[in-house]
>>> print(open('coords-v3.csv').read())   # CSV, C-alpha atoms
chain,number,residue,atom,x,y,z
A,146,MET,CA,34.9,27.5,5.9
A,147,THR,CA,31.9,26.8,3.9
A,148,ILE,CA,29.4,24.1,4.7
A,149,THR,CA,27.6,22.5,1.9
A,150,PRO,CA,24.2,21.0,2.7
A,151,HIS,CA,24.0,17.2,2.4
A,152,THR,CA,21.2,16.3,0.1
A,153,THR,CA,19.8,12.8,-0.5
A,154,SER,CA,17.9,11.8,-3.6
A,155,ALA,CA,16.9,8.6,-5.3
A,156,PRO,CA,19.5,7.2,-7.6
A,157,ALA,CA,19.1,8.4,-11.2
A,158,ALA,CA,17.3,5.9,-13.4
A,159,THR,CA,19.4,4.2,-16.0
A,160,THR,CA,18.4,3.2,-19.4
A,161,ALA,CA,17.8,-0.4,-18.1
A,162,ASP,CA,15.5,1.1,-15.5
A,163,ALA,CA,13.4,3.1,-18.0
A,164,VAL,CA,9.7,2.5,-17.9
A,165,THR,CA,8.1,1.6,-21.2
A,166,PRO,CA,4.6,2.9,-21.9
A,167,ARG,CA,3.2,-0.7,-21.6
A,168,GLN,CA,4.8,-1.1,-18.2
A,169,ARG,CA,3.5,2.2,-17.1
A,170,LEU,CA,0.0,1.3,-18.2
A,171,ALA,CA,0.2,-2.1,-16.4
A,172,GLY,CA,1.5,-0.3,-13.3
A,173,ARG,CA,-1.3,2.2,-13.4
A,174,ILE,CA,-3.9,-0.6,-13.7
A,175,ALA,CA,-2.4,-2.5,-10.7
A,176,THR,CA,-2.3,0.7,-8.7
A,177,GLY,CA,-5.8,1.6,-9.7
A,178,LEU,CA,-7.1,-1.8,-8.6
A,179,VAL,CA,-5.4,-1.6,-5.2
A,180,VAL,CA,-6.5,2.1,-4.7
A,181,VAL,CA,-10.1,1.3,-5.5
A,182,PHE,CA,-10.1,-1.5,-3.0
A,183,LEU,CA,-8.3,0.4,-0.2
A,184,LEU,CA,-10.4,3.5,-0.8
A,185,PHE,CA,-13.6,1.5,-0.5
A,186,ASP,CA,-12.2,-0.1,2.7
A,187,SER,CA,-11.1,3.2,4.2
A,188,VAL,CA,-14.5,4.9,3.4
A,189,THR,CA,-16.4,2.1,5.0
A,190,HIS,CA,-14.3,2.5,8.1
A,191,VAL,CA,-14.7,6.3,8.2
A,192,LEU,CA,-18.5,6.0,7.7
A,193,ASN,CA,-18.4,3.3,10.4
A,194,VAL,CA,-20.9,1.1,8.6
A,195,GLU,CA,-22.6,-1.7,10.6
A,196,GLN,CA,-20.7,-4.5,8.8
A,197,VAL,CA,-17.4,-2.9,9.6
A,198,ARG,CA,-18.4,-2.4,13.3
A,199,THR,CA,-19.3,-6.0,13.5
A,200,ALA,CA,-16.2,-7.3,11.8
A,201,MET,CA,-13.9,-5.1,13.9
A,202,ALA,CA,-15.6,-6.3,17.1
A,203,ASP,CA,-15.2,-9.9,16.0
A,204,LEU,CA,-11.5,-9.3,15.5
A,205,GLY,CA,-11.2,-7.9,19.0
A,206,PHE,CA,-11.0,-4.2,18.1
A,207,ASP,CA,-13.0,-1.4,19.7
A,208,PRO,CA,-15.5,-0.4,17.0
A,209,GLY,CA,-14.9,3.2,18.1
A,210,LEU,CA,-11.5,2.9,16.4
A,211,ASN,CA,-13.0,2.4,12.9
A,212,ARG,CA,-12.7,6.0,11.9
A,213,VAL,CA,-9.1,6.1,13.0
A,214,PHE,CA,-8.3,3.1,10.9
A,215,GLY,CA,-10.1,4.7,7.9
A,216,VAL,CA,-8.3,8.0,8.3
A,217,VAL,CA,-4.9,6.4,8.6
A,218,LEU,CA,-5.5,4.3,5.5
A,219,LEU,CA,-6.7,7.4,3.6
A,220,ALA,CA,-3.5,9.2,4.6
A,221,CYS,CA,-1.3,6.3,3.4
A,222,LEU,CA,-3.2,6.2,0.1
A,223,ALA,CA,-2.7,9.9,-0.4
A,224,LEU,CA,1.0,9.5,0.1
A,225,TYR,CA,1.1,6.5,-2.2
A,226,LEU,CA,-0.7,8.4,-5.0
A,227,ALA,CA,1.5,11.5,-4.9
A,228,PRO,CA,4.5,10.8,-7.1
A,229,VAL,CA,6.9,12.6,-4.7
A,230,THR,CA,5.9,10.5,-1.7
A,231,SER,CA,4.8,7.3,-3.5
A,232,MET,CA,7.6,5.1,-1.9
A,233,LEU,CA,6.8,6.4,1.6
A,234,GLY,CA,3.1,5.7,1.0
A,235,ALA,CA,4.0,2.1,-0.2
A,236,VAL,CA,6.1,1.5,2.9
A,237,LEU,CA,3.3,2.8,5.2
A,238,LEU,CA,0.7,0.7,3.3
A,239,THR,CA,2.9,-2.3,3.8
A,240,GLY,CA,3.0,-1.7,7.5
A,241,TYR,CA,-0.8,-1.2,7.6
A,242,LEU,CA,-1.3,-4.5,5.6
A,243,GLY,CA,1.2,-6.3,7.9
A,244,GLY,CA,-1.0,-5.4,10.8
A,245,ALA,CA,-4.0,-6.9,9.0
A,246,VAL,CA,-2.0,-10.1,8.5
A,247,ALA,CA,-1.0,-10.3,12.1
A,248,THR,CA,-4.6,-9.7,13.3
A,249,ASN,CA,-5.9,-12.4,10.9
A,250,LEU,CA,-3.3,-14.8,12.2
A,251,LEU,CA,-4.1,-14.0,15.9
A,252,THR,CA,-7.8,-14.5,15.3
A,253,GLU,CA,-7.2,-17.7,13.3
A,254,GLN,CA,-8.9,-16.6,10.1
A,255,PRO,CA,-8.7,-18.8,7.0
A,256,ILE,CA,-5.2,-18.7,5.5
A,257,LEU,CA,-5.5,-18.4,1.8
A,258,SER,CA,-8.7,-16.3,1.5
A,259,THR,CA,-8.4,-14.0,4.5
A,260,THR,CA,-5.0,-14.0,6.2
A,261,LEU,CA,-3.0,-13.8,2.9
A,262,PHE,CA,-5.3,-11.3,1.2
A,263,PRO,CA,-3.4,-8.3,2.7
A,264,ILE,CA,-0.2,-9.8,1.3
A,265,TYR,CA,-1.8,-10.1,-2.2
A,266,THR,CA,-2.8,-6.5,-1.8
A,267,GLY,CA,0.8,-5.5,-0.8
A,268,ILE,CA,2.1,-7.3,-3.9
A,269,LEU,CA,-0.2,-5.1,-6.0
A,270,VAL,CA,0.9,-2.0,-4.1
A,271,TRP,CA,4.6,-2.6,-4.8
A,272,GLY,CA,4.1,-4.2,-8.2
A,273,GLY,CA,2.1,-1.3,-9.5
A,274,LEU,CA,4.7,1.2,-8.2
A,275,TYR,CA,7.6,-0.9,-9.6
A,276,LEU,CA,6.0,-1.0,-13.0
A,277,ARG,CA,5.2,2.7,-13.2
A,278,ASP,CA,8.2,4.3,-11.5
A,279,ALA,CA,11.8,4.0,-12.6
A,280,ARG,CA,13.1,5.3,-9.2
A,281,VAL,CA,11.7,2.2,-7.6
A,282,ARG,CA,13.4,0.0,-10.1
A,283,SER,CA,16.7,1.7,-9.4
A,284,VAL,CA,16.4,1.2,-5.7
A,285,MET,CA,15.0,-2.4,-5.9
A,286,PRO,CA,16.2,-4.0,-9.1
A,287,LEU,CA,14.8,-7.5,-9.7
A,288,LEU,CA,18.0,-8.5,-11.6
A,289,ARG,CA,21.5,-7.6,-10.5
A,290,GLY,CA,23.9,-7.2,-13.4
>>> encode(input="coords-v3.csv", output="structure tokens")
Amino acid sequence: MTITPHTTSAPAATTADAVTPRQRLAGRIATGLVVVFLLFDSVTHVLNVEQVRTAMADLGFDPGLNRVFGVVLLACLALYLAPVTSMLGAVLLTGYLGGAVATNLLTEQPILSTTLFPIYTGILVWGGLYLRDARVRSVMPLLRG
């Protein structure tokens, strides 16, 4: 009796899922914007700058956790930027950003500017990945046909 290993892989991209050069460029621009913003945010947490310590304390977090937040965000970004783990990175970034939304709701921050900003960022995370990666399109098609 032979046992064949079970392998899982993303569905193959179809012609309809193919990424055009223009879409890939738009995806890279969206990804670049979100990465620059989140990289800046993570570095300020790792460096534990005064403004971050104050903001974290105002939100109810122990400022000693700043470096932990920064390292976690850097790890998520690294996974997001590596093509092999980009979907995992996007999922983890979504969770991280969801925590930011919950924190902003609990501390009664302004809705449009502060509370929803992580959602806007998450849209850029997934939008950039959707535009630049045919595998994401095959897993999450916008149109069913």
>>> residues_around(input="coords-v3.csv", residues="Tyr241 of chain A", least_positions_apart="4", cutoff="8 Å", atoms="all atoms listed in the file", output="list in words")
Leu218, Leu237 and Ala245 of chain A
>>> atom_distance(input="coords-v3.csv", atom1="atom CA of Ile256 of chain A", atom2="atom CA of Leu269 of chain A")
18.5 Å
>>> residues_near_point(input="coords-v3.csv", point="(-19.8, -1.2, 17.0)", cutoff="10 Å", atoms="all atoms listed in the file", output="ChimeraX atom specification")
/A:193-203,206-211
>>> atom_distance(input="coords-v3.csv", atom1="atom CA of Leu250 of chain A", atom2="atom CA of Gly215 of chain A")
21.1 Å
>>> atom_distance(input="coords-v3.csv", atom1="atom CA of Arg169 of chain A", atom2="atom CA of Ser231 of chain A")
14.6 Å
>>> closest_residue(input="coords-v3.csv", among="A:Ile264, A:Leu242, A:Met232, A:Val179", to="Val284 of chain A", atoms="only C-alpha atoms")
A:Met232
>>> residues_around(input="coords-v3.csv", residues="Leu224 of chain A", least_positions_apart="5", cutoff="7 Å", atoms="all atoms listed in the file", output="ChimeraX atom specification")
/A:230-231,233-234
>>> closest_residue(input="coords-v3.csv", among="A:Ala247, A:Val281, A:Val216, A:Ile268", to="Leu204 of chain A", atoms="only C-alpha atoms")
A:Ala247
